[in-house]
$ cat run_20.txt   # compact mmCIF, C-alpha atoms
# COMPACT_ATOMS: atom_id res chain seq x y z
CA MET T 8 101.89 67.43 59.85
CA VAL T 9 101.52 66.41 63.48
CA GLY T 10 99.67 63.13 63.19
CA SER T 11 96.44 63.93 61.35
CA VAL T 12 96.69 67.69 61.98
CA PRO T 13 98.37 69.80 59.28
CA VAL T 14 100.85 72.31 60.70
CA GLY T 15 102.63 75.13 58.90
CA GLY T 16 102.19 76.66 55.49
CA ASP T 17 98.58 77.57 54.80
CA ALA T 18 97.20 75.20 57.44
CA PRO T 19 94.92 76.73 60.10
CA VAL T 20 96.48 77.62 63.44
CA SER T 21 95.83 74.74 65.84
CA VAL T 22 95.26 74.75 69.61
CA GLN T 23 97.33 72.55 71.89
CA SER T 24 97.32 71.76 75.57
CA MET T 25 99.10 69.40 77.93
CA THR T 26 97.74 66.76 80.25
CA THR T 27 98.19 67.17 84.01
CA THR T 28 97.82 63.47 84.80
CA VAL T 29 100.64 61.04 85.50
CA THR T 30 101.12 59.64 82.01
CA ALA T 31 101.67 56.14 83.39
CA ASP T 32 98.06 56.26 84.61
CA ILE T 33 96.73 55.37 81.19
CA ASN T 34 93.03 55.55 81.99
CA ALA T 35 93.27 58.95 83.69
CA THR T 36 95.40 60.33 80.87
CA LEU T 37 93.06 59.09 78.14
CA GLN T 38 90.08 60.48 80.06
CA GLN T 39 91.69 63.91 80.24
CA ILE T 40 92.61 63.76 76.56
CA ALA T 41 88.95 62.99 75.78
CA GLU T 42 87.88 66.04 77.82
CA LEU T 43 90.41 68.22 76.02
CA THR T 44 89.27 66.90 72.65
CA ALA T 45 85.66 67.71 73.48
CA SER T 46 86.66 71.28 74.40
CA GLY T 47 88.36 71.85 71.03
CA CYS T 48 91.96 70.77 71.64
CA GLN T 49 93.57 69.53 68.42
CA ILE T 50 96.99 68.32 69.61
CA VAL T 51 97.91 67.18 73.12
CA ARG T 52 101.26 66.87 74.88
CA VAL T 53 102.02 64.34 77.62
CA ALA T 54 104.94 64.41 80.04
CA VAL T 55 107.40 61.52 79.99
CA PRO T 56 109.70 61.88 83.04
CA SER T 57 109.95 58.15 83.87
CA GLN T 58 110.19 54.70 82.31
CA ASP T 59 106.64 53.92 83.45
CA ASP T 60 105.43 56.95 81.51
CA ALA T 61 107.39 55.84 78.44
CA ASP T 62 105.90 52.36 78.71
CA ALA T 63 102.39 53.85 78.62
CA LEU T 64 102.95 55.78 75.39
CA PRO T 65 102.07 53.04 72.85
CA ILE T 66 98.56 52.61 74.26
CA ILE T 67 97.96 56.34 74.74
CA ALA T 68 99.19 57.21 71.25
CA LYS T 69 96.97 54.50 69.73
CA LYS T 70 93.79 55.27 71.67
CA SER T 71 93.91 59.07 71.79
CA GLN T 72 91.38 60.81 69.53
CA ILE T 73 93.92 63.54 68.73
CA PRO T 74 97.68 63.47 67.97
CA VAL T 75 99.89 62.94 71.02
CA ILE T 76 103.24 64.71 71.46
CA ALA T 77 105.68 63.22 73.98
CA ASP T 78 107.38 65.86 76.12
CA ILE T 79 110.95 64.83 76.92
CA HIS T 80 113.41 66.36 79.37
CA PHE T 81 116.70 65.18 80.88
CA GLN T 82 116.75 61.59 79.50
CA PRO T 83 117.43 61.13 75.77
CA LYS T 84 116.42 57.44 75.94
CA TYR T 85 112.79 58.51 76.27
CA VAL T 86 113.01 60.31 72.92
CA PHE T 87 113.64 56.98 71.23
CA ALA T 88 110.91 55.31 73.30
CA ALA T 89 108.38 57.94 72.20
CA ILE T 90 109.32 57.56 68.55
CA GLU T 91 109.02 53.77 68.77
CA ALA T 92 105.67 54.15 70.58
CA GLY T 93 104.14 55.87 67.57
CA CYS T 94 103.71 59.32 69.08
CA ALA T 95 102.67 61.94 66.53
CA ALA T 96 105.68 64.09 67.46
CA VAL T 97 108.33 64.48 70.14
CA ARG T 98 109.16 67.70 71.96
CA VAL T 99 112.75 67.96 73.16
CA ASN T 100 114.32 70.64 75.33
CA PRO T 101 117.99 70.78 74.33
CA GLY T 102 118.86 72.96 77.32
CA ASN T 103 118.28 70.23 79.88
CA ILE T 104 118.87 66.92 78.07
CA LYS T 105 122.28 65.50 78.93
CA LYS T 106 124.69 65.50 75.98
CA PHE T 107 121.77 66.14 73.65
CA ASP T 108 123.94 67.35 70.78
CA ASP T 109 125.78 64.02 70.78
CA LYS T 110 122.47 62.20 70.28
CA VAL T 111 121.11 64.30 67.42
CA GLY T 112 122.31 61.94 64.70
CA GLU T 113 120.62 58.93 66.29
CA ILE T 114 117.43 60.87 66.99
CA ALA T 115 117.31 62.19 63.42
CA ARG T 116 117.66 58.67 61.99
CA ALA T 117 114.98 57.22 64.26
CA ALA T 118 112.58 60.11 63.65
CA ARG T 119 113.09 59.97 59.90
CA ASP T 120 112.56 56.19 59.82
CA HIS T 121 109.25 56.55 61.68
CA GLY T 122 108.11 59.82 60.08
CA THR T 123 108.09 61.54 63.48
CA PRO T 124 108.39 65.36 63.62
CA ILE T 125 110.60 66.89 66.31
CA ARG T 126 109.73 70.08 68.17
CA ILE T 127 112.77 71.90 69.45
CA GLY T 128 111.41 73.65 72.52
CA VAL T 129 113.66 76.32 73.97
CA ASN T 130 112.58 77.81 77.29
CA ALA T 131 113.94 80.86 79.09
CA GLY T 132 114.04 78.88 82.35
CA SER T 133 116.19 76.08 80.96
CA LEU T 134 118.42 77.79 78.43
CA ASP T 135 121.76 76.24 77.57
CA PRO T 136 124.32 77.52 80.14
CA ARG T 137 126.72 78.48 77.34
CA LEU T 138 124.20 80.93 75.93
CA LEU T 139 123.31 82.29 79.35
CA GLN T 140 126.98 83.07 79.85
CA LYS T 141 127.23 84.67 76.40
CA TYR T 142 124.13 86.90 76.68
CA GLY T 143 123.83 87.32 80.43
CA LYS T 144 120.17 86.29 80.45
CA ALA T 145 117.48 84.74 78.26
CA THR T 146 117.27 87.47 75.62
CA PRO T 147 115.39 87.04 72.33
CA GLU T 148 118.75 86.62 70.62
CA ALA T 149 119.80 83.89 73.06
CA LEU T 150 116.56 81.96 72.63
CA VAL T 151 116.74 82.14 68.85
CA GLU T 152 120.43 81.21 68.70
CA SER T 153 119.76 78.15 70.83
CA ALA T 154 116.89 76.97 68.63
CA LEU T 155 118.67 77.54 65.34
CA TRP T 156 121.85 75.86 66.60
CA GLU T 157 119.91 72.71 67.37
CA CYS T 158 118.14 72.92 64.01
CA SER T 159 121.50 73.09 62.27
CA LEU T 160 122.58 69.86 63.97
CA PHE T 161 119.50 68.08 62.66
CA GLU T 162 120.01 69.62 59.24
CA GLU T 163 123.51 68.13 59.14
CA HIS T 164 121.78 64.75 59.18
CA ASP T 165 119.32 65.86 56.49
CA PHE T 166 116.42 66.02 58.94
CA ARG T 167 114.11 69.01 58.59
CA ASP T 168 110.75 67.79 59.89
CA ILE T 169 111.06 70.32 62.70
CA LYS T 170 108.86 72.73 64.61
CA ILE T 171 110.31 75.34 66.97
CA SER T 172 109.21 77.16 70.11
CA VAL T 173 111.14 79.87 71.98
CA LYS T 174 109.11 80.55 75.11
CA HIS T 175 109.54 83.21 77.76
CA ASN T 176 107.35 84.35 80.66
CA ASP T 177 107.63 87.99 79.55
CA PRO T 178 105.32 88.52 76.55
CA VAL T 179 107.46 91.38 75.21
CA VAL T 180 110.61 89.23 75.16
CA MET T 181 108.62 86.32 73.75
CA VAL T 182 107.14 88.41 70.91
CA ASN T 183 110.54 89.80 69.98
CA ALA T 184 112.06 86.31 70.02
CA TYR T 185 109.46 84.92 67.64
CA ARG T 186 109.71 87.91 65.34
CA LEU T 187 113.47 87.38 65.13
CA LEU T 188 113.03 83.66 64.63
CA ALA T 189 110.49 84.18 61.84
CA GLN T 190 113.02 86.35 60.03
CA LYS T 191 115.69 83.67 60.23
CA CYS T 192 113.87 80.44 59.37
CA ASP T 193 110.83 78.96 57.66
CA TYR T 194 110.08 76.20 60.15
CA PRO T 195 106.58 76.04 61.69
CA LEU T 196 106.46 77.88 65.01
CA HIS T 197 104.64 76.85 68.17
CA LEU T 198 103.68 79.91 70.23
CA GLY T 199 103.62 80.04 74.00
CA VAL T 200 104.14 82.40 76.90
CA THR T 201 105.64 79.95 79.36
CA GLU T 202 104.72 80.10 83.04
CA ALA T 203 102.15 82.73 82.13
CA GLY T 204 100.55 82.53 85.59
CA PRO T 205 97.06 82.13 87.05
CA ALA T 206 94.04 82.16 84.75
CA PHE T 207 93.41 85.91 84.57
CA GLN T 208 97.04 87.02 84.29
CA GLY T 209 97.99 84.19 81.97
CA THR T 210 95.04 84.85 79.69
CA ILE T 211 96.01 88.51 79.33
CA LYS T 212 99.68 87.71 78.66
CA SER T 213 98.87 85.05 76.10
CA ALA T 214 96.19 87.08 74.34
CA VAL T 215 98.51 90.08 74.01
CA ALA T 216 101.46 88.04 72.73
CA PHE T 217 99.50 85.74 70.42
CA GLY T 218 97.44 88.61 69.06
CA ALA T 219 100.56 90.57 68.13
CA LEU T 220 102.26 87.63 66.43
CA LEU T 221 99.31 85.95 64.75
CA SER T 222 98.14 89.27 63.30
CA GLU T 223 101.57 89.43 61.62
CA GLY T 224 101.22 85.90 60.26
CA ILE T 225 103.68 84.43 62.78
CA GLY T 226 102.68 81.18 64.47
CA ASP T 227 101.27 77.82 63.46
CA THR T 228 100.22 76.23 66.75
CA ILE T 229 99.50 77.76 70.16
CA ARG T 230 99.33 76.71 73.78
CA VAL T 231 97.97 79.00 76.48
CA SER T 232 99.97 78.03 79.59
CA LEU T 233 97.81 78.64 82.64
CA SER T 234 97.92 77.63 86.28
CA ALA T 235 94.44 76.24 85.69
CA PRO T 236 92.83 73.05 84.37
CA PRO T 237 94.00 72.35 80.81
CA VAL T 238 90.45 72.58 79.44
CA GLU T 239 90.57 76.27 80.40
CA GLU T 240 93.76 76.64 78.33
CA VAL T 241 91.94 75.27 75.30
CA LYS T 242 88.93 77.55 75.80
CA VAL T 243 91.16 80.61 75.96
CA GLY T 244 93.23 79.52 72.98
CA ALA T 245 90.15 78.89 70.86
CA GLN T 246 88.68 82.24 71.84
CA ILE T 247 91.90 84.02 70.87
CA LEU T 248 91.77 82.43 67.41
CA GLU T 249 88.08 83.26 67.02
CA SER T 250 88.69 86.88 68.02
CA LEU T 251 91.40 87.16 65.37
CA GLY T 252 89.19 85.56 62.71
CA LEU T 253 91.52 82.55 62.50
CA ARG T 254 88.89 80.05 63.57
CA GLU T 255 85.20 79.97 62.78
CA ARG T 256 83.36 81.81 65.49
CA GLY T 257 81.13 79.84 67.82
CA LEU T 258 78.72 81.34 70.30
CA GLU T 259 79.60 84.97 71.07
CA ILE T 260 77.93 87.02 73.77
CA VAL T 261 78.04 90.78 73.11
CA SER T 262 77.12 92.68 76.26
CA CYS T 263 77.61 96.22 77.46
CA PRO T 264 79.85 97.00 80.45
CA SER T 265 76.94 98.69 82.17
CA CYS T 266 76.91 102.30 83.31
CA GLY T 267 74.65 104.82 84.94
CA ARG T 268 72.31 104.67 81.93
CA ALA T 269 71.51 100.97 82.43
CA GLN T 270 68.01 100.25 83.66
CA VAL T 271 68.50 96.49 84.10
CA ASP T 272 71.11 94.24 85.72
CA VAL T 273 73.22 93.62 82.62
CA TYR T 274 75.86 91.59 84.50
CA THR T 275 73.31 89.02 85.67
CA LEU T 276 71.47 88.90 82.36
CA ALA T 277 74.64 88.26 80.37
CA GLU T 278 75.88 85.58 82.77
CA GLN T 279 72.54 83.80 82.79
CA VAL T 280 72.30 83.82 79.00
CA GLN T 281 75.84 82.51 78.66
CA ALA T 282 75.21 79.77 81.22
CA GLY T 283 71.96 78.80 79.54
CA LEU T 284 73.64 78.44 76.15
CA GLU T 285 76.76 76.64 77.35
CA GLY T 286 77.51 73.86 74.93
CA LEU T 287 75.97 75.61 71.94
CA THR T 288 78.75 75.71 69.36
CA VAL T 289 77.01 77.31 66.38
CA PRO T 290 78.37 80.64 65.06
CA LEU T 291 75.79 82.81 66.79
CA ARG T 292 76.22 86.36 68.07
CA VAL T 293 73.89 87.22 70.94
CA ALA T 294 73.71 90.83 72.17
CA VAL T 295 72.61 91.52 75.75
CA MET T 296 72.28 95.28 76.10
CA GLY T 297 71.12 97.37 79.03
CA CYS T 298 70.18 100.84 77.79
CA VAL T 299 68.54 102.72 74.93
CA VAL T 300 71.70 104.52 73.76
CA ASN T 301 73.70 101.68 72.12
CA GLY T 302 71.32 98.84 72.92
CA PRO T 303 68.99 98.86 69.89
CA GLY T 304 71.86 99.28 67.43
CA GLU T 305 73.95 96.45 68.91
CA ALA T 306 70.92 94.16 69.23
CA ARG T 307 69.94 94.88 65.64
CA GLU T 308 73.42 94.02 64.32
CA ALA T 309 73.59 90.69 66.19
CA ASP T 310 71.95 87.45 65.11
CA LEU T 311 69.88 87.64 68.28
CA GLY T 312 69.70 90.34 70.87
CA VAL T 313 67.83 92.27 73.50
CA ALA T 314 67.68 95.99 74.14
CA SER T 315 66.53 96.41 77.72
CA GLY T 316 65.00 99.25 79.70
CA ASN T 317 62.08 100.23 81.91
CA GLY T 318 61.57 96.69 83.13
CA LYS T 319 61.23 95.11 79.70
CA GLY T 320 63.27 94.06 76.70
CA GLN T 321 62.87 94.27 72.95
CA ILE T 322 63.95 90.97 71.37
CA PHE T 323 65.69 91.28 68.00
CA VAL T 324 66.24 88.42 65.53
CA LYS T 325 68.32 89.20 62.43
CA GLY T 326 67.75 92.92 62.88
CA GLU T 327 63.99 92.81 63.41
CA VAL T 328 62.02 93.25 66.63
CA ILE T 329 59.97 90.09 67.08
CA LYS T 330 58.52 90.76 70.53
CA THR T 331 58.78 92.77 73.73
CA VAL T 332 58.92 90.78 76.99
CA PRO T 333 59.06 91.63 80.71
CA GLU T 334 62.55 91.74 82.21
CA SER T 335 61.84 88.50 84.06
CA GLN T 336 61.37 86.68 80.74
CA ILE T 337 64.38 88.06 78.84
CA VAL T 338 66.77 85.19 79.60
CA GLU T 339 64.37 82.35 78.81
CA THR T 340 63.22 84.11 75.62
CA LEU T 341 66.79 84.58 74.36
CA ILE T 342 67.61 80.95 75.08
CA GLU T 343 64.48 79.73 73.30
CA GLU T 344 65.21 81.87 70.25
CA ALA T 345 68.88 80.83 70.20
CA LEU T 346 67.91 77.15 70.17
CA ARG T 347 65.32 77.78 67.46
CA ILE T 348 67.93 79.54 65.29
CA ALA T 349 70.41 76.72 65.92
CA GLU T 350 67.87 74.14 64.75
CA GLU T 351 67.24 76.18 61.61
CA MET T 352 71.02 76.04 61.00
CA GLY T 353 70.93 72.25 61.00
CA VAL T 354 72.04 71.62 64.58
CA GLU T 355 70.33 68.90 66.58
CA ILE T 356 69.50 70.03 70.11
CA ASP T 357 69.39 67.51 72.93
CA LEU T 358 68.03 69.21 76.00
CA ASP T 359 69.42 67.37 79.03
CA ASP T 360 68.02 68.57 82.32
CA ASP T 361 71.17 67.40 84.14
CA ALA T 362 73.56 69.19 81.81
CA PRO T 363 74.65 72.81 82.30
CA GLY T 364 73.44 73.79 78.83
CA PRO T 365 72.08 72.38 75.57
CA GLN T 366 73.88 69.36 74.14
CA VAL T 367 74.32 69.91 70.41
CA THR T 368 75.56 68.03 67.38
CA VAL T 369 76.00 69.37 63.88
CA GLY T 370 73.50 67.76 61.54

$ encode --input "run_20.txt" --output "structure tokens"
Amino acid sequence: MVGSVPVGGDAPVSVQSMTTTVTADINATLQQIAELTASGCQIVRVAVPSQDDADALPIIAKKSQIPVIADIHFQPKYVFAAIEAGCAAVRVNPGNIKKFDDKVGEIARAARDHGTPIRIGVNAGSLDPRLLQKYGKATPEALVESALWECSLFEEHDFRDIKISVKHNDPVVMVNAYRLLAQKCDYPLHLGVTEAGPAFQGTIKSAVAFGALLSEGIGDTIRVSLSAPPVEEVKVGAQILESLGLRERGLEIVSCPSCGRAQVDVYTLAEQVQAGLEGLTVPLRVAVMGCVVNGPGEAREADLGVASGNGKGQIFVKGEVIKTVPESQIVETLIEEALRIAEEMGVEIDLDDDAPGPQVTVG
């Protein structure tokens, strides 16, 4: 367990992110946590590089809607502060905490007394110098040896409430490290491609790595590390889980890539439909198709769809054509039908003219 979120075993894979605020700015940090929670984040990590940040932890941990993990580097005293503050878990990076091994006994006792899990987070960029010298670089073997060595120190003090991550910026190295780690231990694993890069590149790296591992049953929590707002990390992470069937699907837009057969502007139609339904979280597959080759079949298989051509579109609901509308009315018709289907599914729709899309709550 991490706070109220079950982790490991048969528990669902959970999505994490990390705040970008100065943790000492309590209001800003809680506001960002609220935004992350609304986007589907289940566990959040906050940085604790200073005493002011540590002093803010009791209020943040108490008021956050989701479990808060304190992220500790360099100063072991902040580990104890985070445990005392009531954080749901503490992430430690043994490679850059001074004399960390000497503090393991004290940390284990404090964590056990408070029921606080510890995540041992090994990163390629901050690997223990002894292992860098042994292996020459941050190989999968080096990452795994570092993590398991630290686990063994906690185990000597009969502490096993541990989660592990072995992150690398290269998804191939990262995947091999986690595969090796999964062979050698039964601890819950937190997946991440660290320093994955800007949104597009980082999304690709994370999707490839997480897809490979999660399809093999490896991984209990994930964080998509992007050079982008943390809400975007959560959106990508949730979409990865949905694509793998590990989280109930929400709204899904199925649209063709367009080609010389298309007789409508599929790009614009798909974007307008997606924008118009932003905020709709029901499991609804909407097909926006632009030609008569695959269009009718895809539209028929979706919950709602359109097969377009010759300046008009056939609207399908649950496999049946319900109407044919001019191209200019396709978007508004799909949105109207999507909202009608959502209401039939027990979702209350609050149409707010100032919001980007429908505001919905599950009834």

$ residues_around --input "run_20.txt" --residues "stretch 41-51 of chain T" --least-positions-apart "2" --cutoff "8 Å" --atoms "all atoms listed in the file" --output "list in words"
Val9, Val12, Ser21, Val22, Gln23, Ser24, Met25, Thr26, Leu37, Gln38, Gln39, Val53, Ser71, Gln72, Ile73, Pro74, Val75, Ile76, Pro237, Val238, Val241, Lys242 and Ala245 of chain T

$ residues_around --input "run_20.txt" --residues "stretch 334-348 of chain T" --least-positions-apart "5" --cutoff "12 Å" --atoms "only C-alpha atoms" --output "number ranges by chain"
T: 258-260, 270-273, 275-297, 306, 309-325, 329, 353-358, 364-367

$ closest_atom_pairs --input "run_20.txt" --of "stretch 222-335 of chain T" --to "stretch 207-210 of chain T" --cutoff "8 Å" --atoms "only C-alpha atoms" --output "JSON lines"
{"residue": "T:Val231", "atom": "CA", "partner": "T:Thr210", "partner_atom": "CA", "distance": 7.3}
{"residue": "T:Ser232", "atom": "CA", "partner": "T:Gly209", "partner_atom": "CA", "distance": 6.9}
{"residue": "T:Leu233", "atom": "CA", "partner": "T:Gly209", "partner_atom": "CA", "distance": 5.6}
{"residue": "T:Ser234", "atom": "CA", "partner": "T:Gly209", "partner_atom": "CA", "distance": 7.8}
{"residue": "T:Val243", "atom": "CA", "partner": "T:Thr210", "partner_atom": "CA", "distance": 6.9}

$ closest_residue --input "run_20.txt" --among "T:Pro205, T:Pro195, T:Pro124, T:Pro83" --to "T:Phe107" --atoms "only C-alpha atoms"
T:Pro83

$ atom_distance --input "run_20.txt" --atom1 "atom CA of T:Asp59" --atom2 "atom CA of T:Asp32"
9.0 Å

$ residues_around --input "run_20.txt" --residues "T:Ala214" --least-positions-apart "5" --cutoff "12 Å" --atoms "all atoms listed in the file" --output "mmCIF file with C-alpha atoms, in the coordinates of the input"
data_model
loop_
_atom_site.group_PDB
_atom_site.id
_atom_site.type_symbol
_atom_site.label_atom_id
_atom_site.label_comp_id
_atom_site.auth_asym_id
_atom_site.auth_seq_id
_atom_site.Cartn_x
_atom_site.Cartn_y
_atom_site.Cartn_z
ATOM 1 C CA PRO T 178 105.320 88.520 76.550
ATOM 2 C CA VAL T 182 107.140 88.410 70.910
ATOM 3 C CA LEU T 198 103.680 79.910 70.230
ATOM 4 C CA GLY T 199 103.620 80.040 74.000
ATOM 5 C CA VAL T 200 104.140 82.400 76.900
ATOM 6 C CA ALA T 203 102.150 82.730 82.130
ATOM 7 C CA ALA T 206 94.040 82.160 84.750
ATOM 8 C CA PHE T 207 93.410 85.910 84.570
ATOM 9 C CA GLN T 208 97.040 87.020 84.290
ATOM 10 C CA GLY T 209 97.990 84.190 81.970
ATOM 11 C CA ALA T 219 100.560 90.570 68.130
ATOM 12 C CA LEU T 220 102.260 87.630 66.430
ATOM 13 C CA LEU T 221 99.310 85.950 64.750
ATOM 14 C CA SER T 222 98.140 89.270 63.300
ATOM 15 C CA ILE T 229 99.500 77.760 70.160
ATOM 16 C CA ARG T 230 99.330 76.710 73.780
ATOM 17 C CA VAL T 231 97.970 79.000 76.480
ATOM 18 C CA SER T 232 99.970 78.030 79.590
ATOM 19 C CA LEU T 233 97.810 78.640 82.640
ATOM 20 C CA GLU T 240 93.760 76.640 78.330
ATOM 21 C CA VAL T 243 91.160 80.610 75.960
ATOM 22 C CA GLY T 244 93.230 79.520 72.980
ATOM 23 C CA ALA T 245 90.150 78.890 70.860
ATOM 24 C CA GLN T 246 88.680 82.240 71.840
ATOM 25 C CA ILE T 247 91.900 84.020 70.870
ATOM 26 C CA LEU T 248 91.770 82.430 67.410
ATOM 27 C CA GLU T 249 88.080 83.260 67.020
ATOM 28 C CA SER T 250 88.690 86.880 68.020
ATOM 29 C CA LEU T 251 91.400 87.160 65.370
#

$ residues_around --input "run_20.txt" --residues "T:Val97" --least-positions-apart "6" --cutoff "10 Å" --atoms "all atoms listed in the file" --output "list in words"
Val9, Arg52, Val53, Val75, Ile76, Ala77, Asp78, Ile79, Tyr85, Val86, Phe87, Ala89, Ile90, Ala118, Thr123, Pro124, Ile125, Arg126, Ile127, Gly128, Ile169 and Lys170 of chain T

$ closest_atom_pairs --input "run_20.txt" --of "stretch 116-153 of chain T" --to "stretch 188-192 of chain T" --cutoff "10 Å" --atoms "all atoms listed in the file" --output "JSON lines"
{"residue": "T:Pro147", "atom": "CA", "partner": "T:Leu188", "partner_atom": "CA", "distance": 8.7}
{"residue": "T:Glu148", "atom": "CA", "partner": "T:Leu188", "partner_atom": "CA", "distance": 8.8}
{"residue": "T:Leu150", "atom": "CA", "partner": "T:Leu188", "partner_atom": "CA", "distance": 8.9}
{"residue": "T:Val151", "atom": "CA", "partner": "T:Leu188", "partner_atom": "CA", "distance": 5.8}
{"residue": "T:Glu152", "atom": "CA", "partner": "T:Leu188", "partner_atom": "CA", "distance": 8.8}

$ closest_residue --input "run_20.txt" --among "T:Ala235, T:Ala54, T:Val180, T:Ile225" --to "T:Gly204" --atoms "only C-alpha atoms"
T:Ala235
